[in-house]
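Shown below: input-v1.cif, with mmCIF, C-alpha atoms.
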```cif
data_upload
#
loop_
_atom_site.group_PDB
_atom_site.id
_atom_site.type_symbol
_atom_site.label_atom_id
_atom_site.label_comp_id
_atom_site.auth_asym_id
_atom_site.auth_seq_id
_atom_site.Cartn_x
_atom_site.Cartn_y
_atom_site.Cartn_z
ATOM 1 C CA ASP A 269 93.096 76.310 122.397
ATOM 2 C CA TYR A 270 89.657 76.777 120.878
ATOM 3 C CA ASP A 271 88.166 73.697 122.535
ATOM 4 C CA GLU A 272 89.272 74.997 125.931
ATOM 5 C CA VAL A 273 87.630 78.356 125.209
ATOM 6 C CA VAL A 274 84.324 76.683 124.329
ATOM 7 C CA LEU A 275 84.392 74.200 127.219
ATOM 8 C CA GLY A 276 85.396 76.911 129.694
ATOM 9 C CA TRP A 277 82.463 79.062 128.578
ATOM 10 C CA MET A 278 80.054 76.134 128.959
ATOM 11 C CA ASP A 279 81.441 75.213 132.387
ATOM 12 C CA ARG A 280 80.988 78.788 133.581
ATOM 13 C CA HIS A 281 77.563 79.574 132.114
ATOM 14 C CA LEU A 282 75.859 76.163 131.950
ATOM 15 C CA ARG A 283 77.345 74.344 134.921
ATOM 16 C CA GLY A 284 77.977 77.309 137.191
ATOM 17 C CA GLU A 285 81.615 76.423 137.774
ATOM 18 C CA GLY A 286 84.283 79.037 138.439
ATOM 19 C CA ALA A 287 84.006 82.426 140.047
ATOM 20 C CA PRO A 288 81.115 84.600 138.723
ATOM 21 C CA GLY A 289 82.394 87.292 136.407
ATOM 22 C CA ALA A 290 85.891 85.806 136.399
ATOM 23 C CA ALA A 291 86.175 86.019 132.611
ATOM 24 C CA ALA A 292 86.108 89.292 130.689
ATOM 25 C CA PRO A 293 82.998 89.642 128.500
ATOM 26 C CA VAL A 294 85.128 90.366 125.417
ATOM 27 C CA ARG A 295 88.059 88.353 124.098
ATOM 28 C CA TYR A 296 89.637 89.199 120.748
ATOM 29 C CA PHE A 297 92.712 88.272 118.727
ATOM 30 C CA VAL A 298 95.165 90.935 117.559
ATOM 31 C CA MET A 299 96.643 89.974 114.200
ATOM 32 C CA GLY A 300 100.213 91.107 113.635
ATOM 33 C CA ASP A 301 100.817 90.768 117.364
ATOM 34 C CA ASN A 302 99.596 87.136 117.497
ATOM 35 C CA ARG A 303 98.022 87.818 120.869
ATOM 36 C CA TRP A 304 94.652 87.356 122.551
ATOM 37 C CA ARG A 305 93.399 90.332 124.541
ATOM 38 C CA GLU A 306 90.485 90.803 126.933
ATOM 39 C CA SER A 307 88.296 93.841 127.414
ATOM 40 C CA SER A 308 85.325 94.886 129.503
ATOM 41 C CA THR A 309 83.751 96.570 126.448
ATOM 42 C CA TRP A 310 83.563 96.287 122.670
ATOM 43 C CA PRO A 311 85.069 98.088 121.032
ATOM 44 C CA PRO A 312 87.859 98.680 123.548
ATOM 45 C CA ALA A 313 89.065 102.209 124.246
ATOM 46 C CA ALA A 314 90.453 103.883 121.116
ATOM 47 C CA HIS A 315 90.910 107.261 119.504
ATOM 48 C CA ALA A 316 90.053 107.963 115.874
ATOM 49 C CA SER A 317 92.717 108.726 113.278
ATOM 50 C CA THR A 318 91.712 109.820 109.755
ATOM 51 C CA TYR A 319 93.552 109.200 106.493
ATOM 52 C CA PHE A 320 92.513 111.016 103.309
ATOM 53 C CA PHE A 321 92.669 109.573 99.776
ATOM 54 C CA SER A 322 94.987 111.414 97.401
ATOM 55 C CA GLY A 323 96.084 110.855 93.771
ATOM 56 C CA GLY A 324 96.160 107.595 91.819
ATOM 57 C CA GLU A 325 94.508 106.889 88.445
ATOM 58 C CA GLY A 326 94.027 103.824 86.254
ATOM 59 C CA GLY A 327 96.257 101.577 88.325
ATOM 60 C CA ALA A 328 98.634 104.341 89.435
ATOM 61 C CA GLN A 329 99.620 104.359 93.092
ATOM 62 C CA GLY A 330 97.681 106.784 95.272
ATOM 63 C CA ARG A 331 98.381 107.895 98.825
ATOM 64 C CA LEU A 332 96.690 107.884 102.202
ATOM 65 C CA THR A 333 97.671 111.053 103.993
ATOM 66 C CA GLN A 334 96.570 112.750 107.189
ATOM 67 C CA THR A 335 96.606 116.106 105.391
ATOM 68 C CA PRO A 336 93.146 117.244 104.181
ATOM 69 C CA PRO A 337 92.880 117.439 100.380
ATOM 70 C CA ALA A 338 93.526 120.504 98.249
ATOM 71 C CA SER A 339 90.574 122.273 96.668
ATOM 72 C CA THR A 340 91.408 121.378 93.051
ATOM 73 C CA ALA A 341 92.608 117.757 93.348
ATOM 74 C CA PRO A 342 91.437 115.778 90.285
ATOM 75 C CA PRO A 343 89.568 112.498 90.867
ATOM 76 C CA SER A 344 91.129 109.060 90.546
ATOM 77 C CA THR A 345 89.562 107.109 87.678
ATOM 78 C CA PHE A 346 89.304 103.516 86.545
ATOM 79 C CA LEU A 347 87.299 101.516 83.994
ATOM 80 C CA SER A 348 85.172 98.666 85.353
ATOM 81 C CA ASP A 349 84.096 95.852 83.012
ATOM 82 C CA PRO A 350 81.519 93.359 84.383
ATOM 83 C CA ALA A 351 82.668 90.873 81.724
ATOM 84 C CA ASP A 352 86.172 90.986 83.216
ATOM 85 C CA PRO A 353 85.648 91.472 86.970
ATOM 86 C CA VAL A 354 88.312 91.615 89.641
ATOM 87 C CA ILE A 355 88.691 88.012 90.823
ATOM 88 C CA ASN A 356 89.364 86.927 94.390
ATOM 89 C CA PRO A 357 92.213 84.419 93.891
ATOM 90 C CA TYR A 358 91.613 82.970 97.373
ATOM 91 C CA TYR A 359 87.869 82.437 97.130
ATOM 92 C CA GLY A 360 86.775 79.573 99.383
ATOM 93 C CA SER A 361 89.867 79.801 101.591
ATOM 94 C CA ALA A 362 89.234 81.692 104.822
ATOM 95 C CA GLY A 363 91.837 83.709 106.666
ATOM 96 C CA ALA A 364 94.613 86.130 105.805
ATOM 97 C CA HIS A 365 96.075 86.059 102.282
ATOM 98 C CA ASP A 366 98.584 88.102 100.290
ATOM 99 C CA TYR A 367 96.670 90.314 97.838
ATOM 100 C CA ARG A 368 99.633 92.336 96.546
ATOM 101 C CA ALA A 369 99.005 91.264 92.929
ATOM 102 C CA LEU A 370 95.679 93.130 92.775
ATOM 103 C CA ALA A 371 97.594 96.435 92.725
ATOM 104 C CA GLU A 372 98.729 95.555 89.191
ATOM 105 C CA ARG A 373 95.185 95.665 87.777
ATOM 106 C CA ARG A 374 94.117 98.857 86.035
ATOM 107 C CA ASP A 375 90.569 98.471 87.385
ATOM 108 C CA VAL A 376 91.815 98.634 90.991
ATOM 109 C CA LEU A 377 92.831 101.869 92.738
ATOM 110 C CA THR A 378 95.485 101.485 95.437
ATOM 111 C CA PHE A 379 96.202 104.035 98.157
ATOM 112 C CA ASP A 380 99.072 103.556 100.632
ATOM 113 C CA SER A 381 100.067 105.455 103.743
ATOM 114 C CA ALA A 382 103.690 106.367 104.372
ATOM 115 C CA PRO A 383 105.664 103.731 106.318
ATOM 116 C CA LEU A 384 104.482 103.905 109.910
ATOM 117 C CA PRO A 385 107.051 105.402 112.295
ATOM 118 C CA ARG A 386 105.924 103.150 115.162
ATOM 119 C CA ASP A 387 103.712 100.145 115.896
ATOM 120 C CA LEU A 388 100.025 100.988 115.525
ATOM 121 C CA GLU A 389 97.221 98.775 116.869
ATOM 122 C CA VAL A 390 93.889 99.206 115.073
ATOM 123 C CA THR A 391 91.028 97.522 116.951
ATOM 124 C CA GLY A 392 87.324 98.102 116.353
ATOM 125 C CA SER A 393 85.360 99.405 113.351
ATOM 126 C CA ILE A 394 87.172 101.076 110.478
ATOM 127 C CA ARG A 395 84.873 103.648 108.865
ATOM 128 C CA VAL A 396 85.082 104.618 105.196
ATOM 129 C CA ARG A 397 83.572 107.620 103.386
ATOM 130 C CA VAL A 398 84.096 107.684 99.625
ATOM 131 C CA ASN A 399 82.743 110.150 97.076
ATOM 132 C CA ILE A 400 82.209 108.566 93.674
ATOM 133 C CA SER A 401 80.591 109.304 90.351
ATOM 134 C CA CYS A 402 80.201 107.119 87.272
ATOM 135 C CA ASP A 403 78.760 107.183 83.765
ATOM 136 C CA CYS A 404 76.328 104.422 84.742
ATOM 137 C CA ARG A 405 73.102 103.738 86.665
ATOM 138 C CA ASP A 406 74.600 101.493 89.344
ATOM 139 C CA THR A 407 77.929 100.206 90.580
ATOM 140 C CA ASP A 408 79.536 98.485 93.551
ATOM 141 C CA LEU A 409 82.138 99.995 95.850
ATOM 142 C CA TRP A 410 84.692 97.643 97.396
ATOM 143 C CA VAL A 411 87.194 99.132 99.839
ATOM 144 C CA ARG A 412 89.680 96.545 101.095
ATOM 145 C CA ILE A 413 91.938 97.500 103.997
ATOM 146 C CA LEU A 414 95.318 95.730 103.909
ATOM 147 C CA ASP A 415 98.520 95.555 105.965
ATOM 148 C CA VAL A 416 101.507 96.075 103.641
ATOM 149 C CA ALA A 417 104.861 94.783 104.914
ATOM 150 C CA PRO A 418 108.255 96.139 103.783
ATOM 151 C CA ASP A 419 108.638 93.099 101.482
ATOM 152 C CA GLY A 420 105.499 94.165 99.568
ATOM 153 C CA SER A 421 103.128 91.495 100.897
ATOM 154 C CA ALA A 422 99.616 92.884 101.480
ATOM 155 C CA PHE A 423 97.381 90.929 103.855
ATOM 156 C CA ASN A 424 93.634 91.446 104.247
ATOM 157 C CA LEU A 425 92.315 92.462 107.672
ATOM 158 C CA MET A 426 88.796 91.043 107.325
ATOM 159 C CA SER A 427 86.876 88.462 105.330
ATOM 160 C CA PRO A 428 85.846 89.528 101.808
ATOM 161 C CA GLY A 429 82.170 90.421 101.566
ATOM 162 C CA VAL A 430 81.884 92.905 104.426
ATOM 163 C CA GLU A 431 83.790 95.725 102.717
ATOM 164 C CA VAL A 432 81.314 96.363 99.908
ATOM 165 C CA VAL A 433 78.246 98.511 99.276
ATOM 166 C CA ARG A 434 76.013 98.396 96.196
ATOM 167 C CA ALA A 435 75.360 102.014 95.273
ATOM 168 C CA SER A 436 71.673 101.517 94.457
ATOM 169 C CA TYR A 437 71.156 100.172 98.006
ATOM 170 C CA ARG A 438 73.076 103.003 99.661
ATOM 171 C CA ASP A 439 70.054 104.176 101.654
ATOM 172 C CA LEU A 440 68.924 100.940 103.262
ATOM 173 C CA PRO A 441 66.443 100.222 104.734
ATOM 174 C CA GLY A 442 64.972 102.590 102.147
ATOM 175 C CA PRO A 443 64.128 101.530 98.583
ATOM 176 C CA ARG A 444 66.591 100.776 95.792
ATOM 177 C CA ARG A 445 67.617 104.015 94.041
ATOM 178 C CA LEU A 446 69.613 104.087 90.824
ATOM 179 C CA LEU A 447 72.364 106.623 90.219
ATOM 180 C CA VAL A 448 72.172 109.706 88.030
ATOM 181 C CA PRO A 449 75.192 109.406 85.702
ATOM 182 C CA ASP A 450 78.098 111.729 86.582
ATOM 183 C CA ARG A 451 76.499 112.954 89.824
ATOM 184 C CA VAL A 452 78.756 112.649 92.895
ATOM 185 C CA TYR A 453 77.491 110.378 95.674
ATOM 186 C CA ALA A 454 78.896 109.858 99.159
ATOM 187 C CA LEU A 455 78.985 106.156 100.006
ATOM 188 C CA ALA A 456 79.751 104.840 103.477
ATOM 189 C CA LEU A 457 81.082 101.632 104.990
ATOM 190 C CA ASP A 458 80.734 101.895 108.747
ATOM 191 C CA ASN A 459 81.471 98.514 110.241
ATOM 192 C CA LEU A 460 84.734 97.103 108.894
ATOM 193 C CA VAL A 461 85.618 95.265 112.109
ATOM 194 C CA THR A 462 89.188 94.117 112.701
ATOM 195 C CA SER A 463 92.032 93.986 115.183
ATOM 196 C CA ASN A 464 95.534 94.283 113.756
ATOM 197 C CA LEU A 465 98.922 95.533 114.857
ATOM 198 C CA PHE A 466 100.572 97.410 111.997
ATOM 199 C CA ARG A 467 104.265 97.023 112.724
ATOM 200 C CA ARG A 468 106.717 99.888 112.420
ATOM 201 C CA GLY A 469 107.684 100.286 108.749
ATOM 202 C CA HIS A 470 104.426 98.743 107.499
ATOM 203 C CA ARG A 471 101.850 100.705 105.500
ATOM 204 C CA ILE A 472 98.067 100.949 105.661
ATOM 205 C CA ARG A 473 96.565 100.215 102.243
ATOM 206 C CA ALA A 474 93.064 101.002 100.987
ATOM 207 C CA GLN A 475 92.212 99.282 97.721
ATOM 208 C CA VAL A 476 89.151 100.301 95.714
ATOM 209 C CA SER A 477 87.384 98.342 92.995
ATOM 210 C CA ALA A 478 83.877 97.901 91.582
ATOM 211 C CA SER A 479 83.927 94.089 91.662
ATOM 212 C CA PHE A 480 85.389 91.187 93.607
ATOM 213 C CA PHE A 481 84.026 88.029 92.055
ATOM 214 C CA PRO A 482 82.648 85.568 93.144
ATOM 215 C CA ASN A 483 82.304 86.959 96.684
ATOM 216 C CA PHE A 484 79.623 89.295 95.343
ATOM 217 C CA SER A 485 77.634 89.090 92.121
ATOM 218 C CA ARG A 486 78.782 91.326 89.291
ATOM 219 C CA ASN A 487 77.133 94.715 88.997
ATOM 220 C CA LEU A 488 75.958 95.116 85.394
ATOM 221 C CA HIS A 489 76.271 98.953 85.570
ATOM 222 C CA THR A 490 73.039 99.246 83.564
ATOM 223 C CA GLY A 491 70.697 99.446 86.532
ATOM 224 C CA ASP A 492 69.228 96.047 85.646
ATOM 225 C CA LEU A 493 69.201 93.368 88.304
ATOM 226 C CA GLU A 494 71.591 90.520 87.515
ATOM 227 C CA THR A 495 68.819 88.051 88.389
ATOM 228 C CA VAL A 496 66.725 89.108 85.388
ATOM 229 C CA SER A 497 69.215 90.499 82.852
ATOM 230 C CA GLY A 498 72.549 89.656 81.257
ATOM 231 C CA ARG A 499 72.941 93.054 79.574
ATOM 232 C CA MET A 500 76.059 94.764 80.877
ATOM 233 C CA LYS A 501 78.204 97.802 80.106
ATOM 234 C CA ARG A 502 81.664 99.041 80.969
ATOM 235 C CA ALA A 503 81.669 102.029 83.283
ATOM 236 C CA THR A 504 84.124 104.777 84.143
ATOM 237 C CA ILE A 505 84.265 105.185 87.923
ATOM 238 C CA ARG A 506 85.657 108.364 89.481
ATOM 239 C CA LEU A 507 86.776 108.543 93.103
ATOM 240 C CA HIS A 508 86.702 112.177 94.213
ATOM 241 C CA HIS A 509 89.122 113.445 96.844
ATOM 242 C CA ASP A 510 89.100 117.248 96.640
ATOM 243 C CA ARG A 511 88.280 119.708 99.411
ATOM 244 C CA ASP A 512 84.541 119.660 98.652
ATOM 245 C CA HIS A 513 84.439 115.851 98.313
ATOM 246 C CA PRO A 514 86.994 114.415 100.750
ATOM 247 C CA SER A 515 87.215 110.637 100.662
ATOM 248 C CA GLN A 516 88.698 109.120 103.791
ATOM 249 C CA ILE A 517 89.084 106.192 106.136
ATOM 250 C CA THR A 518 88.981 106.538 109.921
ATOM 251 C CA VAL A 519 90.749 103.903 111.968
ATOM 252 C CA PRO A 520 90.382 103.267 115.732
ATOM 253 C CA ILE A 521 93.831 103.414 117.369
ATOM 254 C CA ALA A 522 93.822 101.304 120.525
ATOM 255 C CA VAL A 523 94.571 103.118 123.771
ATOM 256 C CA ARG A 524 97.148 101.239 125.854
#
```

This entry written out as structure tokens:
Amino acid sequence: DYDEVVLGWMDRHLRGEGAPGAAAPVRYFVMGDNRWRESSTWPPAAHASTYFFSGGEGGAQGRLTQTPPASTAPPSTFLSDPADPVINPYYGSAGAHDYRALAERRDVLTFDSAPLPRDLEVTGSIRVRVNISCDCRDTDLWVRILDVAPDGSAFNLMSPGVEVVRASYRDLPGPRRLLVPDRVYALALDNLVTSNLFRRGHRIRAQVSASFFPNFSRNLHTGDLETVSGRMKRATIRLHHDRDHPSQITVPIAVR
């Protein structure tokens, strides 16, 4: 009852009613478990578990594995066209939605874990490290984390717009720096906050694209700012996942 949460907070902190310190300072909702939890800290106690990207090219299914990559693994590749961006079909509608259809696009790379052998609660910040190169001066990196059920449905774990980094702004608060074509860059997403219980038999999915319109403006790939130019080019994006360039996601597994 959201109104009760708000009124209870106001009663306690504005009117001085109730026992001091009676409420935990952190209250969060665990999706998949449909349960509110309380904690004395944020994030709550967790241990890190890392999944490495492996395989997948031009729409082919890749894997998330807890085995570090081999030395000679070829990169996964897709072609990004700013004139035909990946579209968010649920734009303007907040909440969890089924994004399974995006895996059919050839400009989206999809990486799935094996079916989980037991329930797994992920609460806190998911951290992503991805090594990419492209034949362009700039690009965007979207990494969506999804919960895939046995029936194939794939639900987002956070609101679109937080799981993206524009490569030319990779060193904020430093200045904008364009890419050198075909050079490998390590891009990071460090604060993908969520709380979700992945049920036994579900999979963790990481989905990579260079656009997700209109949640974020299209990257022209030319290095020009979209506010001053309409000139755009198609770009070949390579996601590297060999021993020297491991791409990975690290998830916080809640300690119970």

Could you tell me which residues the PyMOL selection byres ((chain A and resi 510) around 10) grabs in this file, written as a list in words?
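Listing what the PyMOL selection byres ((chain A and resi 510) around 10) selects in the shown file: Phe320, Phe321, Ser322, Gly323, Pro336, Pro337, Ala338, Ser339, Thr340, Ala341, Pro342, Pro343, Asn399, Leu507, His508, His509, Arg511, Asp512, His513, Pro514 and Ser515 of chain A.
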
Resolved residues for the PyMOL selection byres ((chain A and resi 418-435) around 9) as a PyMOL selection string:
chain A and resi 299+356+359+362-369+383+406-417+436-439+444-447+453+455-457+459-464+469-471+473+478-480+483-484+487

Find the residue from A:Gln475, A:Ala314, A:Ala351, A:Pro482 that sits nearest to A:Asp380; use all atoms listed in the file when measuring.
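Among A:Gln475, A:Ala314, A:Ala351, A:Pro482, it is A:Gln475 that comes nearest to A:Asp380.
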
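Among A:Leu282, A:Val274, A:Leu332, A:Ile521, the residue with the shortest atom-to-atom distance to A:Thr378, counting all atoms listed in the file, is A:Leu332.
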
Residues near A:Arg524, anyone? I mean within 12 Å using only C-alpha atoms, not counting same-chain ones fewer than 3 positions away, as a ChimeraX atom specification.
/A:305,307,312-315,387-391,521

Suppose you want the space between atom CA of A:Ala382 and atom CA of A:Val398; what is it in Å?
20.2 Å

Between atom CA of A:Ser401 and atom CA of A:Thr318 lies a distance of 22.4 Å

If you measure from atom CA of A:Gly498 to atom CA of A:Asp352, what distance in Å do you get, rounded to one decimal?
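Distance reported for this atom pair: 13.8 Å.
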
Nearest to A:Arg486, chosen from A:Val354, A:Ile505, A:Ala474, A:Val396, with only C-alpha atoms counted in the distances:
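Looking only at the distances to A:Arg486, the closest residue turns out to be A:Val354.
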
Matched chain/residue IDs from the PyMOL selection byres ((chain A and resi 292) around 9), as a ChimeraX atom specification:
/A:289-291,293-295,306-309

Go through A:Pro443, A:Pro353, A:Pro449, A:Pro520 and flag the residue nearest A:Arg374, using only C-alpha atoms for the distances.
A:Pro353
